[in-house]
$ cat query.csv   # CSV, C-alpha atoms
chain,number,residue,atom,x,y,z
A,1,MET,CA,95.6,76.4,99.2
A,2,SER,CA,96.3,78.9,102.0
A,3,LYS,CA,96.2,77.4,105.5
A,4,GLU,CA,94.1,80.1,107.2
A,5,LYS,CA,90.4,79.1,107.2
A,6,ILE,CA,88.1,81.5,105.4
A,7,SER,CA,85.2,83.0,107.3
A,8,CYS,CA,81.9,83.8,105.7
A,9,LYS,CA,82.4,87.5,106.6
A,10,GLU,CA,85.7,87.5,104.7
A,11,VAL,CA,84.0,85.9,101.7
A,12,MET,CA,81.2,88.5,101.8
A,13,GLN,CA,83.8,91.3,102.0
A,14,HIS,CA,85.7,89.8,99.1
A,15,ILE,CA,82.5,89.5,97.0
A,16,CYS,CA,81.8,93.2,97.5
A,17,ASN,CA,85.3,94.2,96.8
A,18,THR,CA,86.0,92.2,93.7
A,19,LEU,CA,82.7,91.6,92.0
A,20,GLY,CA,83.1,91.7,88.2
A,21,GLU,CA,86.9,91.4,88.4
A,22,ASP,CA,88.7,88.3,87.3
A,23,LEU,CA,91.1,87.3,90.1
A,24,GLU,CA,93.1,84.2,90.2
A,25,SER,CA,95.2,84.6,93.3
A,26,GLU,CA,95.4,81.7,95.8
A,27,ARG,CA,93.1,83.4,98.2
A,28,CYS,CA,90.6,84.0,95.4
A,29,LEU,CA,90.6,80.4,94.5
A,30,ASP,CA,90.0,79.5,98.1
A,31,ILE,CA,87.1,81.9,98.1
A,32,LYS,CA,85.6,80.4,95.0
A,33,LYS,CA,85.9,77.0,96.5
A,34,HIS,CA,84.1,78.3,99.7
A,35,LEU,CA,81.4,79.8,97.5
A,36,ASP,CA,80.7,76.5,95.9
A,37,GLU,CA,80.2,74.9,99.3
A,38,CYS,CA,78.5,77.6,101.4
A,39,SER,CA,74.9,78.3,100.6
A,40,GLY,CA,74.8,81.4,102.8
A,41,CYS,CA,77.7,83.0,100.9
A,42,LYS,CA,76.3,81.9,97.6
A,43,SER,CA,73.0,83.6,98.2
A,44,TYR,CA,74.9,86.7,99.4
A,45,PHE,CA,76.8,86.8,96.2
A,46,LYS,CA,73.6,86.4,94.2
A,47,THR,CA,71.9,89.2,96.1
A,48,VAL,CA,74.7,91.7,95.6
A,49,GLU,CA,74.5,90.9,91.9
A,50,ILE,CA,70.7,91.5,91.9
A,51,THR,CA,71.2,94.8,93.9
A,52,ILE,CA,73.5,96.1,91.2
A,53,ASP,CA,71.2,94.8,88.4
A,54,TYR,CA,68.1,96.6,89.9
A,55,TYR,CA,70.0,99.9,90.0
A,56,LYS,CA,71.3,99.3,86.4
A,57,LYS,CA,67.8,98.9,85.1
A,58,TYR,CA,66.3,101.8,86.9
A,59,ASN,CA,66.5,104.5,84.3
A,60,VAL,CA,64.7,107.7,83.6
A,61,GLU,CA,63.9,109.5,80.3
A,62,MET,CA,64.5,113.2,79.9
A,63,PRO,CA,61.3,115.2,80.4
A,64,ASP,CA,59.4,116.7,77.5
A,65,GLY,CA,61.0,119.8,76.3
A,66,ALA,CA,64.3,119.2,78.1
A,67,HIS,CA,66.2,118.8,74.9
A,68,GLU,CA,64.9,122.0,73.4
A,69,ARG,CA,65.6,123.9,76.7
A,70,LEU,CA,69.1,122.6,76.7
A,71,MET,CA,69.8,123.6,73.1
A,72,LYS,CA,68.4,127.1,73.8
A,73,PHE,CA,70.5,127.4,77.0
A,74,LEU,CA,73.6,126.5,75.0
A,75,ASP,CA,72.6,128.8,72.2
A,76,LEU,CA,72.6,125.8,69.8
A,77,ASP,CA,68.9,125.8,69.0
A,78,ASP,CA,69.5,126.9,65.5
A,79,CYS,CA,71.6,123.8,64.9
A,80,ASP,CA,68.9,121.3,65.9
B,1,MET,CA,81.2,111.2,60.9
B,2,ASN,CA,82.9,109.5,63.9
B,3,GLU,CA,83.2,111.0,67.4
B,4,SER,CA,86.8,112.2,67.2
B,5,GLU,CA,86.0,114.0,63.9
B,6,LEU,CA,83.0,115.6,65.6
B,7,ILE,CA,85.1,116.7,68.5
B,8,HIS,CA,87.8,118.1,66.2
B,9,LYS,CA,85.2,120.1,64.3
B,10,ALA,CA,83.5,121.3,67.5
B,11,GLN,CA,86.8,122.4,68.9
B,12,ASN,CA,87.3,124.5,65.8
B,13,GLY,CA,84.0,126.3,66.3
B,14,ASN,CA,81.6,124.1,64.3
B,15,LYS,CA,78.3,124.6,66.1
B,16,LYS,CA,76.5,121.7,64.3
B,17,ALA,CA,79.2,119.3,65.4
B,18,LEU,CA,78.9,120.6,68.9
B,19,ALA,CA,75.1,120.2,68.8
B,20,GLN,CA,75.5,116.6,67.6
B,21,LEU,CA,77.9,115.8,70.5
B,22,VAL,CA,75.4,117.3,73.0
B,23,LYS,CA,72.6,115.3,71.5
B,24,ALA,CA,74.6,112.1,71.7
B,25,TYR,CA,75.2,112.4,75.4
B,26,GLU,CA,72.3,114.4,76.8
B,27,GLN,CA,70.2,111.4,77.8
B,28,THR,CA,73.2,109.6,79.5
B,29,ILE,CA,74.1,112.8,81.4
B,30,TYR,CA,70.5,113.5,82.4
B,31,ASN,CA,70.0,109.9,83.6
B,32,PHE,CA,73.2,109.9,85.6
B,33,ALA,CA,72.4,113.3,87.2
B,34,PHE,CA,68.9,112.0,88.1
B,35,LYS,CA,70.4,108.9,89.7
B,36,ILE,CA,72.7,111.0,91.9
B,37,CYS,CA,70.2,113.7,93.0
B,38,ARG,CA,66.9,111.7,92.5
B,39,ASP,CA,65.0,114.9,91.4
B,40,LYS,CA,63.9,115.7,87.9
B,41,ASN,CA,64.4,119.5,88.1
B,42,LYS,CA,67.8,119.3,89.7
B,43,ALA,CA,68.8,116.7,87.1
B,44,GLU,CA,67.9,119.0,84.3
B,45,HIS,CA,69.7,121.9,85.9
B,46,ILE,CA,72.8,119.7,86.3
B,47,MET,CA,72.6,118.5,82.7
B,48,GLN,CA,72.5,122.1,81.5
B,49,GLU,CA,75.5,123.1,83.6
B,50,THR,CA,77.4,120.1,82.5
B,51,PHE,CA,77.0,120.8,78.8
B,52,TYR,CA,77.7,124.5,79.5
B,53,SER,CA,81.0,123.5,81.0
B,54,MET,CA,81.7,121.2,78.1
B,55,VAL,CA,81.1,123.9,75.6
B,56,LYS,CA,83.4,126.3,77.5
B,57,SER,CA,86.2,123.9,77.9
B,58,LEU,CA,86.0,121.5,75.0
B,59,HIS,CA,89.2,123.1,73.6
B,60,GLN,CA,91.0,121.7,76.6
B,61,PHE,CA,89.9,118.1,75.9
B,62,ASP,CA,93.0,116.3,74.7
B,63,GLY,CA,91.5,112.9,73.8
B,64,LYS,CA,93.6,111.0,76.3
B,65,SER,CA,90.4,109.7,78.0
B,66,LYS,CA,87.1,108.9,76.3
B,67,LEU,CA,84.8,111.9,75.9
B,68,SER,CA,82.2,110.0,78.0
B,69,THR,CA,84.7,109.7,80.9
B,70,TRP,CA,85.5,113.4,80.6
B,71,LEU,CA,81.8,114.2,80.7
B,72,TYR,CA,81.2,111.9,83.7
B,73,ARG,CA,83.9,113.9,85.5
B,74,ILE,CA,82.2,117.2,84.7
B,75,VAL,CA,78.7,115.9,85.7
B,76,SER,CA,80.1,114.3,88.9
B,77,ASN,CA,81.6,117.7,89.9
B,78,HIS,CA,78.3,119.5,89.3
B,79,CYS,CA,76.4,116.9,91.3
B,80,LEU,CA,78.8,117.2,94.2
B,81,MET,CA,78.7,121.0,94.1
B,82,LEU,CA,74.9,120.9,94.3
B,83,ALA,CA,74.9,118.3,97.0
B,84,ARG,CA,77.3,120.4,99.1
B,85,LYS,CA,75.2,123.5,98.7
B,86,MET,CA,72.2,121.6,100.0
B,87,LYS,CA,74.0,120.0,102.9
B,88,ASN,CA,70.9,119.8,105.1
B,89,ARG,CA,70.8,116.2,106.1
B,90,PRO,CA,73.2,113.6,107.5
B,91,PHE,CA,74.1,110.5,105.4
B,92,VAL,CA,75.0,107.1,106.8
B,93,SER,CA,78.6,106.7,107.8
B,94,LEU,CA,80.3,103.7,106.2
B,95,GLU,CA,83.7,104.2,107.8
B,96,ASP,CA,83.0,101.3,110.2
B,97,ASP,CA,81.9,98.4,108.0
B,98,ASP,CA,81.1,96.0,110.9
B,99,GLY,CA,77.5,94.8,110.3
B,100,LEU,CA,77.6,95.6,106.6
B,101,PHE,CA,78.4,92.0,105.8
B,102,GLU,CA,75.9,90.2,107.9
B,103,ASN,CA,73.7,87.7,106.1
B,104,LYS,CA,71.6,86.9,109.1
B,105,TYR,CA,67.8,86.7,108.6
B,106,ALA,CA,68.3,86.9,104.8
B,107,ALA,CA,65.1,87.5,102.9
B,108,ASP,CA,64.4,85.0,100.2
B,109,TRP,CA,65.1,87.1,97.1
B,110,SER,CA,64.1,84.3,94.7
B,111,THR,CA,60.5,84.8,95.5
B,112,LEU,CA,60.3,88.6,95.3
B,113,PRO,CA,57.5,89.8,93.1
B,114,TYR,CA,59.8,92.4,91.4
B,115,LYS,CA,60.5,91.1,87.9
B,116,ASN,CA,61.5,94.5,86.6
B,117,THR,CA,62.2,98.0,87.9
B,118,GLU,CA,58.9,99.4,86.6
B,119,ASN,CA,57.4,98.3,89.9
B,120,GLU,CA,56.7,101.5,91.9
B,121,GLU,CA,57.2,99.8,95.2
B,122,LEU,CA,60.6,98.6,94.2
B,123,LYS,CA,61.5,102.0,92.9
B,124,GLU,CA,60.7,103.5,96.3
B,125,ILE,CA,62.8,100.9,98.0
B,126,LEU,CA,65.7,101.6,95.6
B,127,ASP,CA,65.4,105.4,96.1
B,128,TYR,CA,65.1,105.1,99.8
B,129,ALA,CA,68.2,103.0,100.1
B,130,ILE,CA,70.5,105.0,97.8
B,131,ASN,CA,69.4,108.3,99.3
B,132,LYS,CA,71.0,107.2,102.6
B,133,LEU,CA,74.4,107.0,100.9
B,134,SER,CA,76.4,110.2,100.8
B,135,PRO,CA,76.8,111.5,97.2
B,136,GLU,CA,80.5,110.6,97.3
B,137,TYR,CA,79.7,106.9,97.8
B,138,ARG,CA,76.6,107.0,95.5
B,139,MET,CA,78.7,108.4,92.7
B,140,ILE,CA,81.3,105.7,92.9
B,141,PHE,CA,78.7,102.9,92.9
B,142,LEU,CA,76.8,104.5,90.0
B,143,LEU,CA,79.9,105.2,87.8
B,144,ARG,CA,81.5,101.8,88.3
B,145,ASP,CA,78.5,99.4,88.7
B,146,VAL,CA,75.7,101.1,86.9
B,147,GLU,CA,77.3,103.1,84.2
B,148,GLY,CA,80.0,100.4,83.7
B,149,LEU,CA,83.1,102.5,83.8
B,150,SER,CA,86.3,100.6,84.7
B,151,THR,CA,87.8,101.2,88.2
B,152,GLU,CA,90.5,103.3,86.6
B,153,GLU,CA,88.0,105.4,84.6
B,154,THR,CA,86.0,105.9,87.8
B,155,ALA,CA,89.1,107.0,89.6
B,156,GLN,CA,89.8,109.5,86.7
B,157,ALA,CA,86.3,110.8,86.8
B,158,THR,CA,86.3,111.4,90.5
B,159,ASP,CA,89.9,112.4,91.1
B,160,LEU,CA,90.3,109.5,93.6
B,161,SER,CA,93.0,106.8,93.7
B,162,VAL,CA,92.1,103.3,92.5
B,163,PRO,CA,92.3,101.9,96.1
B,164,ALA,CA,90.0,104.7,97.4
B,165,VAL,CA,87.5,103.9,94.6
B,166,LYS,CA,87.6,100.2,95.5
B,167,SER,CA,87.1,100.8,99.2
B,168,ARG,CA,84.1,103.1,98.6
B,169,LEU,CA,82.7,100.8,96.0
B,170,HIS,CA,82.7,97.6,98.2
B,171,ARG,CA,81.1,99.5,101.1
B,172,ALA,CA,78.4,101.0,98.9
B,173,ARG,CA,77.6,97.6,97.4
B,174,ALA,CA,77.4,96.0,100.8
B,175,PHE,CA,75.3,98.8,102.2
B,176,LEU,CA,72.8,98.8,99.4
B,177,ARG,CA,72.5,95.1,99.5
B,178,LYS,CA,71.9,95.2,103.2
B,179,GLU,CA,69.3,97.9,102.9
B,180,LEU,CA,67.4,96.0,100.2
B,181,ASN,CA,67.5,92.8,102.2
B,182,GLU,CA,66.0,94.6,105.2
B,183,ALA,CA,63.3,96.2,103.1
B,184,PHE,CA,62.4,92.9,101.5
B,185,GLN,CA,61.9,91.3,105.0
B,186,ARG,CA,59.2,93.8,105.9

$ encode --input "query.csv" --output "structure tokens"
Amino acid sequence: MSKEKISCKEVMQHICNTLGEDLESERCLDIKKHLDECSGCKSYFKTVEITIDYYKKYNVEMPDGAHERLMKFLDLDDCD
Amino acid sequence: MNESELIHKAQNGNKKALAQLVKAYEQTIYNFAFKICRDKNKAEHIMQETFYSMVKSLHQFDGKSKLSTWLYRIVSNHCLMLARKMKNRPFVSLEDDDGLFENKYAADWSTLPYKNTENEELKEILDYAINKLSPEYRMIFLLRDVEGLSTEETAQATDLSVPAVKSRLHRARAFLRKELNEAFQR
């Protein structure tokens, strides 16, 4: 374990910096340990994940006729 | 026929193969363009320009990256060009990240009524928050976190270094999370 004590702000920065990446450095292990014990950081971690998930699920369909207009624009409407 | 065969045929002038490639990616490109500009008409315009660029320069595609990464690069450029033309409002500055990582007065997200993003109120909150980010930050967040490109692919698609992508990404994540947290407290 590294000697310098981890602050919640550092953990939060780390979460935003490395979410989704598998990191096994000593500092990361310290941070994982901190996460297990700190409810504030744990909820922060969870809410960053939820934020990403909301944006991931927010999708839009192409409007009616957009495909046909695209093919015409590209002069590919005879290949459809 | 697999994608590389289609690309090869399209590069040799086969219009049907080209049409198939366009069809395979049009929804993805439209969706991405919409997420950047948050406007249906602009998104359709960007989609058309993106595929026009693709048709014009497909002969230069060397297969070193995925076709999707190459297309994300083109669509990202078109989105940025449009955003720069319309430079009429200031975006939030994320250069100073003090305050981005505060967890004070955290709303209780576990009791939020939003079970899915079909909820119009939630959509408004999401639109409002991401619209405050400059397109340069928005793009990195969307490519990496929403479209699922790797950090390296995101760097390729945006002509940025990997450290620059990481720096923008973690600020964008923290900013959006903070904005949502504030909106959920209201």

$ closest_residue --input "query.csv" --among "B:Phe61, B:Lys166, B:Arg186, B:Ser110" --to "A:Ser43" --atoms "only C-alpha atoms"
B:Ser110

$ interface_residues --input "query.csv" --of "chain A" --to "chain B" --cutoff "8 Å" --atoms "only C-alpha atoms" --output "JSON, numbers by chain"
{"A": [9, 12, 13, 16, 17, 18, 40, 44, 47, 48, 51, 52, 53, 54, 55, 56, 57, 58, 59, 60, 61, 62, 63, 66, 67, 70, 71, 73, 74, 76, 79, 80]}

$ atom_distance --input "query.csv" --atom1 "atom CA of B:Asp62" --atom2 "atom CA of B:Glu5"
13.1 Å

$ closest_residue --input "query.csv" --among "A:Cys41, A:Gly65, A:Leu29, A:Asp36" --to "A:Ser7" --atoms "all atoms listed in the file"
A:Cys41

$ closest_residue --input "query.csv" --among "B:Leu21, B:Leu112, B:Ala129, B:Met139" --to "B:Leu67" --atoms "all atoms listed in the file"
B:Leu21

$ closest_residue --input "query.csv" --among "A:Glu68, A:Ile15, A:Cys28, A:Ile6" --to "A:Lys42" --atoms "only C-alpha atoms"
A:Ile15

$ closest_residue --input "query.csv" --among "B:Arg144, B:His8, B:Arg138, B:Lys56" --to "B:Cys37" --atoms "all atoms listed in the file"
B:Arg138

$ residues_around --input "query.csv" --residues "stretch 69-84 of chain B" --least-positions-apart "2" --cutoff "6 Å" --atoms "only C-alpha atoms" --output "list in words"
Thr50, Lys66, Leu67, Met86, Lys87 and Ala157 of chain B

$ write_last_selection --input "query.csv" --atoms "C-alpha atoms" --output "compact mmCIF listing (two decimals), in the coordinates of the input"
# COMPACT_ATOMS: atom_id res chain seq x y z
CA THR B 50 77.40 120.10 82.50
CA LYS B 66 87.10 108.90 76.30
CA LEU B 67 84.80 111.90 75.90
CA MET B 86 72.20 121.60 100.00
CA LYS B 87 74.00 120.00 102.90
CA ALA B 157 86.30 110.80 86.80

$ atom_distance --input "query.csv" --atom1 "atom CA of B:Gly13" --atom2 "atom CA of B:Leu58"
10.1 Å

$ build_atoms --input "query.csv" --residues "stretch 51-79 of chain B" --atoms "N, CA and C atoms" --output "mmCIF file, in the frame of the given file"
data_model
loop_
_atom_site.group_PDB
_atom_site.id
_atom_site.type_symbol
_atom_site.label_atom_id
_atom_site.label_comp_id
_atom_site.auth_asym_id
_atom_site.auth_seq_id
_atom_site.Cartn_x
_atom_site.Cartn_y
_atom_site.Cartn_z
ATOM 1 N N PHE B 51 76.736 120.564 80.251
ATOM 2 C CA PHE B 51 77.000 120.800 78.800
ATOM 3 C C PHE B 51 77.552 122.274 78.649
ATOM 4 N N TYR B 52 77.150 123.179 79.531
ATOM 5 C CA TYR B 52 77.700 124.500 79.500
ATOM 6 C C TYR B 52 79.210 124.470 79.734
ATOM 7 N N SER B 53 79.586 123.692 80.745
ATOM 8 C CA SER B 53 81.000 123.500 81.000
ATOM 9 C C SER B 53 81.723 122.837 79.876
ATOM 10 N N MET B 54 81.050 121.870 79.279
ATOM 11 C CA MET B 54 81.700 121.200 78.100
ATOM 12 C C MET B 54 81.937 122.145 76.993
ATOM 13 N N VAL B 55 80.933 122.970 76.680
ATOM 14 C CA VAL B 55 81.100 123.900 75.600
ATOM 15 C C VAL B 55 82.243 124.887 75.874
ATOM 16 N N LYS B 56 82.309 125.336 77.136
ATOM 17 C CA LYS B 56 83.400 126.300 77.500
ATOM 18 C C LYS B 56 84.752 125.714 77.461
ATOM 19 N N SER B 57 84.867 124.425 77.804
ATOM 20 C CA SER B 57 86.200 123.900 77.900
ATOM 21 C C SER B 57 86.559 122.757 76.976
ATOM 22 N N LEU B 58 85.751 122.605 75.949
ATOM 23 C CA LEU B 58 86.000 121.500 75.000
ATOM 24 C C LEU B 58 87.408 121.672 74.339
ATOM 25 N N HIS B 59 87.854 122.910 74.204
ATOM 26 C CA HIS B 59 89.200 123.100 73.600
ATOM 27 C C HIS B 59 90.296 122.501 74.415
ATOM 28 N N GLN B 60 90.005 122.259 75.710
ATOM 29 C CA GLN B 60 91.000 121.700 76.600
ATOM 30 C C GLN B 60 91.000 120.134 76.540
ATOM 31 N N PHE B 61 89.969 119.585 75.932
ATOM 32 C CA PHE B 61 89.900 118.100 75.900
ATOM 33 C C PHE B 61 90.957 117.579 74.961
ATOM 34 N N ASP B 62 91.834 116.722 75.514
ATOM 35 C CA ASP B 62 93.000 116.300 74.700
ATOM 36 C C ASP B 62 92.847 114.883 74.155
ATOM 37 N N GLY B 63 91.717 114.246 74.375
ATOM 38 C CA GLY B 63 91.500 112.900 73.800
ATOM 39 C C GLY B 63 92.225 111.797 74.507
ATOM 40 N N LYS B 64 92.871 112.104 75.629
ATOM 41 C CA LYS B 64 93.600 111.000 76.300
ATOM 42 C C LYS B 64 92.616 110.091 77.039
ATOM 43 N N SER B 65 91.479 110.627 77.464
ATOM 44 C CA SER B 65 90.400 109.700 78.000
ATOM 45 C C SER B 65 89.282 109.760 76.978
ATOM 46 N N LYS B 66 88.294 108.899 77.214
ATOM 47 C CA LYS B 66 87.100 108.900 76.300
ATOM 48 C C LYS B 66 86.341 110.213 76.621
ATOM 49 N N LEU B 67 85.602 110.704 75.636
ATOM 50 C CA LEU B 67 84.800 111.900 75.900
ATOM 51 C C LEU B 67 83.757 111.591 76.982
ATOM 52 N N SER B 68 83.236 110.361 76.979
ATOM 53 C CA SER B 68 82.200 110.000 78.000
ATOM 54 C C SER B 68 82.828 110.114 79.402
ATOM 55 N N THR B 69 84.051 109.627 79.589
ATOM 56 C CA THR B 69 84.700 109.700 80.900
ATOM 57 C C THR B 69 84.886 111.158 81.321
ATOM 58 N N TRP B 70 85.284 111.964 80.345
ATOM 59 C CA TRP B 70 85.500 113.400 80.600
ATOM 60 C C TRP B 70 84.168 114.046 81.040
ATOM 61 N N LEU B 71 83.093 113.678 80.350
ATOM 62 C CA LEU B 71 81.800 114.200 80.700
ATOM 63 C C LEU B 71 81.298 113.731 82.065
ATOM 64 N N TYR B 72 81.573 112.461 82.358
ATOM 65 C CA TYR B 72 81.200 111.900 83.700
ATOM 66 C C TYR B 72 81.922 112.714 84.780
ATOM 67 N N ARG B 73 83.140 113.095 84.487
ATOM 68 C CA ARG B 73 83.900 113.900 85.500
ATOM 69 C C ARG B 73 83.231 115.230 85.706
ATOM 70 N N ILE B 74 82.808 115.869 84.603
ATOM 71 C CA ILE B 74 82.200 117.200 84.700
ATOM 72 C C ILE B 74 80.825 117.042 85.477
ATOM 73 N N VAL B 75 80.024 116.082 85.054
ATOM 74 C CA VAL B 75 78.700 115.900 85.700
ATOM 75 C C VAL B 75 78.852 115.553 87.156
ATOM 76 N N SER B 76 79.841 114.726 87.471
ATOM 77 C CA SER B 76 80.100 114.300 88.900
ATOM 78 C C SER B 76 80.396 115.560 89.707
ATOM 79 N N ASN B 77 81.236 116.439 89.163
ATOM 80 C CA ASN B 77 81.600 117.700 89.900
ATOM 81 C C ASN B 77 80.370 118.539 90.149
ATOM 82 N N HIS B 78 79.534 118.682 89.124
ATOM 83 C CA HIS B 78 78.300 119.500 89.300
ATOM 84 C C HIS B 78 77.382 118.883 90.322
ATOM 85 N N CYS B 79 77.264 117.563 90.293
ATOM 86 C CA CYS B 79 76.400 116.900 91.300
ATOM 87 C C CYS B 79 76.915 117.128 92.690
#
